[in-house]
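A short write-up of the structure that comes next.
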Amino acid sequence: MNSCNPKCEFFPDEVVLQILARLPIKSVFRAKCVCKLWYKLISDKYFTRLYNEVSVRNLMVLVEISEPSSESRSSLILVDNLRGVSEFSLTFINDRLKIRASCNGLLCCSSIPDKGVYYVCNPMTKEYRLLPKSRERPVSRFYPDGEATLAREDFYMFGFDSVSNKWRKFVTFQDDHFMHMKWNRVVFTNGALHWLTASCSCVLVLDLDSEVWRKMSLPNQVISGNGTRIYLLEFDGRLSVVQISDVWMNIWVMKDYEREEWHMVDRVSLRCIRGMVPGVFPISQTGEYIFLATHKQVLVYQRNTRVWMEVYSVKNSAILPLWFSAHAFRSTMFSCQ
């Protein structure tokens with residue numbers, strides 16, 4: 001590794017950082033070996049924050065493909081809007097794993113042979129952490145994404161605190177909404193966890209710092225029932241609501257989190273995929289595109305050109321539906337330690 005010749009430095013450090021922050025992590029690690037200056041720039045905490053901020057705008061979909069009757073390892077596929085489809089692996093963890101949740105580029109996985117054993121890992125850096133033994137919770141075969149990182153019993157919920165390295169108990173309201181939540185679909189933003197109620201009447205919010213629960217209203221225009229489905233997603237770091245009907249997909253974003261002000265950002269015609277609409281589920285989105293999954297396909301809708309594309313499909317009819325095991329994912333340099 002040599003120091004960079006000042007005569008060869010055509011760009012200011014900030015320009016170099018902006019370029020490096022848009023590379024895949026493997027390429028970033030290689031770039032650290034180019035010269036001492038690049039090693040110093042990439043090793044700085046500022047670059048880690050910058051890389052993670054940029055990666056929010058390039059969300060991907062991680063798909064776990066498994067057959068209900070198979071005891072072998074599931075195959076993993078990463079669908080990237082920029083780089084296409086590639087194979088994915090968690091073999092750096094010496095265990096048979098099931099992905100339970102994905103957040104900010106980190107995965108929570110459970111051991112298949114050892115019930116109650118959980119890992120948090122960064123698959124891009126191949127770093128992982130074994131969590132302390134938690135209570136064993138049966139997970140339904142038909143709802144494999146069940147209660148992924150959270151366990152609920154009566155009016156309590158448990159979450160793992162990475163700072164104290166302990167499981168924390170959160171007391172919920174003794175409210176019917178908490179017994180009928182979509183526990184397997186949670187969105188983390190603004191330092192809080194967000195769940196949609198089963199009736200789609202409101203959003204339940206848990207602030208992780210204050211450990212306070214509250215209810216959040218949905219956009220006034222949102223109407224559930226009569227074939228209309230409602231989903232919670234993230235949109236460039238903000239909370240978003242997606243409503244799918246027979247011919248339209250409406251998307252709102254939380255404009256002001258404190259005042260709970262929603263703003264409609266898109267209204268998408270579904271006529272081009274009308275035959276798929278009953279079985280299509282939104283997985284992840286940015287300001288430029290949105291990924292959706294069906295039983296056997298992953299679709300992407302490009303917002304700027306208003307074009308639909310099939311980016312991945314599977315031929316095996318015996319697999320579990322892709323939307324069962326499709327997760328929003330992004331590249332990150334966050335540590336899981």
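Chain lettering (A, B, ...) mirrors the order of the structure tokens, residue numbering begins at 1 for each chain separately, and ligand numbering begins at 1 in order of display.
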Per residue of range 179-248 of chain A within 10 Å of range 56-64 of chain A, what are the shortest atom pair and its distance in Å to one decimal, counting only C-alpha atoms, with rows by chain and residue number, as a Markdown table?
```
| residue | atom | partner | partner_atom | distance |
| --- | --- | --- | --- | --- |
| A:Glu234 | CA | A:Val56 | CA | 9.8 |
| A:Phe235 | CA | A:Val56 | CA | 8.9 |
| A:Asp236 | CA | A:Val56 | CA | 6.0 |
| A:Gly237 | CA | A:Val56 | CA | 7.1 |
```
- request: Once DSSP has gone over the backbone, tell me which residues of range 77-318 of chain A are in strand (DSSP E), as a ChimeraX atom specification.
  value: /A:77-80,84-88,97-103,106-111,118-122,127-130,151-153,156-161,166-171,181-189,192-197,203-207,212-216,229-235,238-244,248-256,261-269,281-285,289-293,297-302,307-313
query: Just how far from CA of Val300 in chain A is CA of Val79 in chain A, in Å to one decimal?
result: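 These two atoms are separated by 9.8 Å.
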- request: Name the residues in contact with Leu107 in chain A at a cut-off of 6 Å, using only C-alpha atoms, excluding same-chain residues fewer than 5 positions from it; report them as a list in words.
  value: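 Once the adjacent positions are removed, what remains is Ala101, Ser102, Val120 and Cys121 of chain A.
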query: Just how far from CA of Asp207 in chain A is CA of Asn165 in chain A, in Å to one decimal?
result: 19.0 Å
field: Of the listed residues A:Leu130, A:Val212, A:Thr125, A:Asp80, that which approaches Phe291 in chain A most closely, counting only C-alpha atoms
entry: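 Answer, going by the shortest atom-to-atom distance: A:Asp80.
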task: Pick out the closest residue to Arg96 in chain A from this set: A:His194, A:Lys115, A:Arg303, A:Arg274. Count only C-alpha atoms.
output: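 Selected residue with least distance to Arg96 in chain A: A:Lys115.
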message: For a quick check of understanding, using only C-alpha atoms, which of A:Ser240, A:Ser245, A:Asn122, A:Ser89 has the smallest distance to Ser224 in chain A?
response: A:Ser245
message: Residues near Leu50 in chain A, anyone? I mean within 10 Å using only C-alpha atoms, not counting same-chain ones fewer than 6 positions away, as a list of chain:residue names.
response: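 Close residues of Leu50 in chain A: A:Leu17, A:Gln18, A:Leu20, A:Ala21, A:Arg22, A:Met333.
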Which residue of A:Pro132, A:Val16, A:Tyr51, A:Thr305 approaches Leu37 in chain A most closely, using only C-alpha atoms: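 Among the listed residues, A:Val16 lies closest to Leu37 in chain A.
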- request: Tell me which protein, DNA and RNA residues are within 12 Å of range 306-308 of chain A, counting only C-alpha atoms, leaving out same-chain ones fewer than 3 positions away, and put them as an MDAnalysis selection string.
  value: chainID A and resid 266:274 288:292 298:303 311
task: Find, counting only C-alpha atoms, the residue in A:Leu233, A:Val247, A:Met276, A:Ala326 that gets nearest to Thr189 in chain A.
output: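 Nearest candidate to Thr189 in chain A out of A:Leu233, A:Val247, A:Met276, A:Ala326: A:Leu233.
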field: All residues 12 Å or closer to Ile65 in chain A, only C-alpha atoms, same chain fewer than 6 positions away omitted, as a count of residues only
entry: 30
